[in-house]
Amino acid sequence: MDFATYQNLINQNKHRQDDSLSVRFYDKSIKCANLNDNGIPVFKSVCYCEIRIKDNTTEVFDQPATKDKIDRFPIEYARYQLSKQKSTNGTPLEMFAFLSAAEIDMCKYRGIFSVEDFANISQEQAKSLQLEKEWTLAQKFILSGKAIKKIIDIEDLEEKYKSQIDKLKHQIKELSKTKSRRKSK
């Protein structure tokens with residue numbers, strides 16, 4: 001999904017009955033009763049649903065997600081699914097030092113889950129998020145990463161060439177030895 005699609009989801013979300021609730025699906029690590037072969041506890045990821053009443057910081061409903069919760073909050077669940085899918089592609093926003101936790105959450109709410117996603121939004125979208133400076137830094141971050149990648153590729157190529165040169169030097173030595181033996185006969 002892109003920025004505009006997420007904006008449509010947000011607009012749809014404004015008209016539902018549960019607008020006094022803040023809902024979030026997330027993965028929580030749960031310790032299982034099992035131990036692995038080394039006697040270390042086994043953990044598994046479980047999808048949880050956190051429901052907060054807006055403007056109330058003390059009341060929180062936080063339990064494993066059920067089909068009822070997924071059906072009741074399909075937009076939030078779709079956002080959770082997309083974040084899981086997107087989190088494997090690119091640099092997580094949490095690794096980008098120029099965004100606060102609130103700004104990261106705002107970006108994720110808009111379907112931006114990686115620094116690469118953030119750098120690829122338009123300047124107008126960055127302005128609407130009030131993150132123009134951070135957007136510029138994200139673009140510089142991506143460019144510097146590409147430059148580093150080029151350097152690493154050149155270093156890898158250099159190692160490959162050095163290896164080939166060493167093999168050729170060894171072959172030359174062997175040929176010289178063979179030539180010397182033939183002359184001495």
# chains A, B, ... in the order shown; residues from 1 in each chain; ligands from 1

$ select_by_dssp --residues "chain A" --states "strand (DSSP E or B)" --output "PyMOL selection string"
chain A and resi 21-35+41-53+60-64+92+114

$ write_last_selection --atoms "N, CA and C atoms" --output "mmCIF file, in the first residue's frame"
data_model
loop_
_atom_site.group_PDB
_atom_site.id
_atom_site.type_symbol
_atom_site.label_atom_id
_atom_site.label_comp_id
_atom_site.auth_asym_id
_atom_site.auth_seq_id
_atom_site.Cartn_x
_atom_site.Cartn_y
_atom_site.Cartn_z
ATOM 1 N N LEU A 21 -11.928 4.580 20.565
ATOM 2 C CA LEU A 21 -10.938 3.566 20.918
ATOM 3 C C LEU A 21 -9.679 3.723 20.077
ATOM 4 N N SER A 22 -8.573 3.399 20.682
ATOM 5 C CA SER A 22 -7.304 3.305 19.962
ATOM 6 C C SER A 22 -6.913 1.838 19.989
ATOM 7 N N VAL A 23 -6.787 1.231 18.814
ATOM 8 C CA VAL A 23 -6.556 -0.206 18.717
ATOM 9 C C VAL A 23 -5.243 -0.464 18.002
ATOM 10 N N ARG A 24 -4.505 -1.437 18.526
ATOM 11 C CA ARG A 24 -3.219 -1.796 17.924
ATOM 12 C C ARG A 24 -3.037 -3.304 18.023
ATOM 13 N N PHE A 25 -2.711 -3.931 16.897
ATOM 14 C CA PHE A 25 -2.315 -5.332 16.877
ATOM 15 C C PHE A 25 -0.791 -5.360 16.833
ATOM 16 N N TYR A 26 -0.200 -6.264 17.584
ATOM 17 C CA TYR A 26 1.265 -6.351 17.615
ATOM 18 C C TYR A 26 1.683 -7.760 18.020
ATOM 19 N N ASP A 27 2.942 -8.085 17.801
ATOM 20 C CA ASP A 27 3.474 -9.381 18.202
ATOM 21 C C ASP A 27 4.098 -9.271 19.584
ATOM 22 N N LYS A 28 3.784 -10.243 20.411
ATOM 23 C CA LYS A 28 4.332 -10.285 21.756
ATOM 24 C C LYS A 28 5.024 -11.633 21.933
ATOM 25 N N SER A 29 6.192 -11.607 22.529
ATOM 26 C CA SER A 29 6.938 -12.829 22.783
ATOM 27 C C SER A 29 6.413 -13.468 24.071
ATOM 28 N N ILE A 30 5.983 -14.725 23.956
ATOM 29 C CA ILE A 30 5.408 -15.441 25.091
ATOM 30 C C ILE A 30 6.274 -16.652 25.408
ATOM 31 N N LYS A 31 6.587 -16.820 26.673
ATOM 32 C CA LYS A 31 7.378 -17.978 27.110
ATOM 33 C C LYS A 31 6.469 -19.202 27.157
ATOM 34 N N CYS A 32 6.890 -20.244 26.461
ATOM 35 C CA CYS A 32 6.126 -21.494 26.432
ATOM 36 C C CYS A 32 6.526 -22.351 27.638
ATOM 37 N N ALA A 33 5.766 -23.377 27.881
ATOM 38 C CA ALA A 33 6.092 -24.296 28.973
ATOM 39 C C ALA A 33 7.230 -25.233 28.573
ATOM 40 N N ASN A 34 7.529 -25.308 27.285
ATOM 41 C CA ASN A 34 8.545 -26.227 26.775
ATOM 42 C C ASN A 34 9.955 -25.700 26.986
ATOM 43 N N LEU A 35 10.905 -26.635 27.037
ATOM 44 C CA LEU A 35 12.322 -26.305 27.045
ATOM 45 C C LEU A 35 12.943 -26.926 25.801
ATOM 46 N N PRO A 41 14.288 -22.122 27.974
ATOM 47 C CA PRO A 41 12.863 -21.938 27.662
ATOM 48 C C PRO A 41 12.638 -21.546 26.195
ATOM 49 N N VAL A 42 11.539 -22.024 25.646
ATOM 50 C CA VAL A 42 11.166 -21.723 24.268
ATOM 51 C C VAL A 42 10.164 -20.563 24.287
ATOM 52 N N PHE A 43 10.340 -19.633 23.373
ATOM 53 C CA PHE A 43 9.436 -18.493 23.249
ATOM 54 C C PHE A 43 8.766 -18.551 21.884
ATOM 55 N N LYS A 44 7.559 -18.007 21.801
ATOM 56 C CA LYS A 44 6.877 -17.904 20.511
ATOM 57 C C LYS A 44 6.235 -16.531 20.406
ATOM 58 N N SER A 45 6.067 -16.085 19.168
ATOM 59 C CA SER A 45 5.401 -14.805 18.918
ATOM 60 C C SER A 45 3.906 -15.044 18.808
ATOM 61 N N VAL A 46 3.148 -14.227 19.530
ATOM 62 C CA VAL A 46 1.697 -14.326 19.516
ATOM 63 C C VAL A 46 1.146 -12.949 19.160
ATOM 64 N N CYS A 47 0.164 -12.925 18.275
ATOM 65 C CA CYS A 47 -0.476 -11.664 17.897
ATOM 66 C C CYS A 47 -1.381 -11.218 19.049
ATOM 67 N N TYR A 48 -1.162 -10.014 19.529
ATOM 68 C CA TYR A 48 -1.956 -9.434 20.608
ATOM 69 C C TYR A 48 -2.753 -8.257 20.081
ATOM 70 N N CYS A 49 -3.837 -7.967 20.773
ATOM 71 C CA CYS A 49 -4.662 -6.816 20.449
ATOM 72 C C CYS A 49 -4.712 -5.920 21.689
ATOM 73 N N GLU A 50 -4.245 -4.686 21.516
ATOM 74 C CA GLU A 50 -4.267 -3.707 22.598
ATOM 75 C C GLU A 50 -5.342 -2.682 22.275
ATOM 76 N N ILE A 51 -6.283 -2.516 23.198
ATOM 77 C CA ILE A 51 -7.362 -1.547 23.006
ATOM 78 C C ILE A 51 -7.294 -0.543 24.152
ATOM 79 N N ARG A 52 -7.241 0.733 23.771
ATOM 80 C CA ARG A 52 -7.209 1.811 24.763
ATOM 81 C C ARG A 52 -8.390 2.732 24.504
ATOM 82 N N ILE A 53 -8.933 3.236 25.566
ATOM 83 C CA ILE A 53 -9.967 4.253 25.442
ATOM 84 C C ILE A 53 -9.237 5.577 25.307
ATOM 85 N N VAL A 60 -6.557 -0.235 29.817
ATOM 86 C CA VAL A 60 -5.995 -0.879 28.631
ATOM 87 C C VAL A 60 -6.468 -2.315 28.594
ATOM 88 N N PHE A 61 -7.021 -2.722 27.469
ATOM 89 C CA PHE A 61 -7.400 -4.105 27.227
ATOM 90 C C PHE A 61 -6.293 -4.690 26.349
ATOM 91 N N ASP A 62 -5.569 -5.693 26.842
ATOM 92 C CA ASP A 62 -4.433 -6.254 26.111
ATOM 93 C C ASP A 62 -4.452 -7.773 26.258
ATOM 94 N N GLN A 63 -4.882 -8.450 25.197
ATOM 95 C CA GLN A 63 -4.994 -9.908 25.210
ATOM 96 C C GLN A 63 -4.602 -10.453 23.853
ATOM 97 N N PRO A 64 -4.380 -11.784 23.781
ATOM 98 C CA PRO A 64 -4.139 -12.355 22.452
ATOM 99 C C PRO A 64 -5.301 -12.016 21.520
ATOM 100 N N PRO A 92 14.352 -0.634 9.275
ATOM 101 C CA PRO A 92 13.227 -0.235 10.137
ATOM 102 C C PRO A 92 13.355 1.227 10.579
ATOM 103 N N SER A 114 9.608 1.682 6.739
ATOM 104 C CA SER A 114 11.068 1.628 6.633
ATOM 105 C C SER A 114 11.599 3.002 6.220
#

$ residues_around --residues "Ala138 of chain A" --least-positions-apart "3" --cutoff "10 Å" --atoms "only C-alpha atoms" --output "count of residues only"
20

$ atom_distance --atom1 "atom CA of Lys108 of chain A" --atom2 "atom CA of Gln123 of chain A"
17.4 Å

$ closest_atom_pairs --of "segment 112-149 of chain A" --to "segment 153-158 of chain A" --cutoff "10 Å" --atoms "only C-alpha atoms" --output "tab-separated table"
residue	atom	partner	partner_atom	distance
A:Ala147	CA	A:Asp153	CA	9.8
A:Ile148	CA	A:Asp153	CA	8.6
A:Lys149	CA	A:Asp153	CA	6.1

$ closest_residue --among "A:Met106, A:Pro74, A:Gln139, A:Asn36" --to "Ser122 of chain A" --atoms "only C-alpha atoms"
A:Gln139
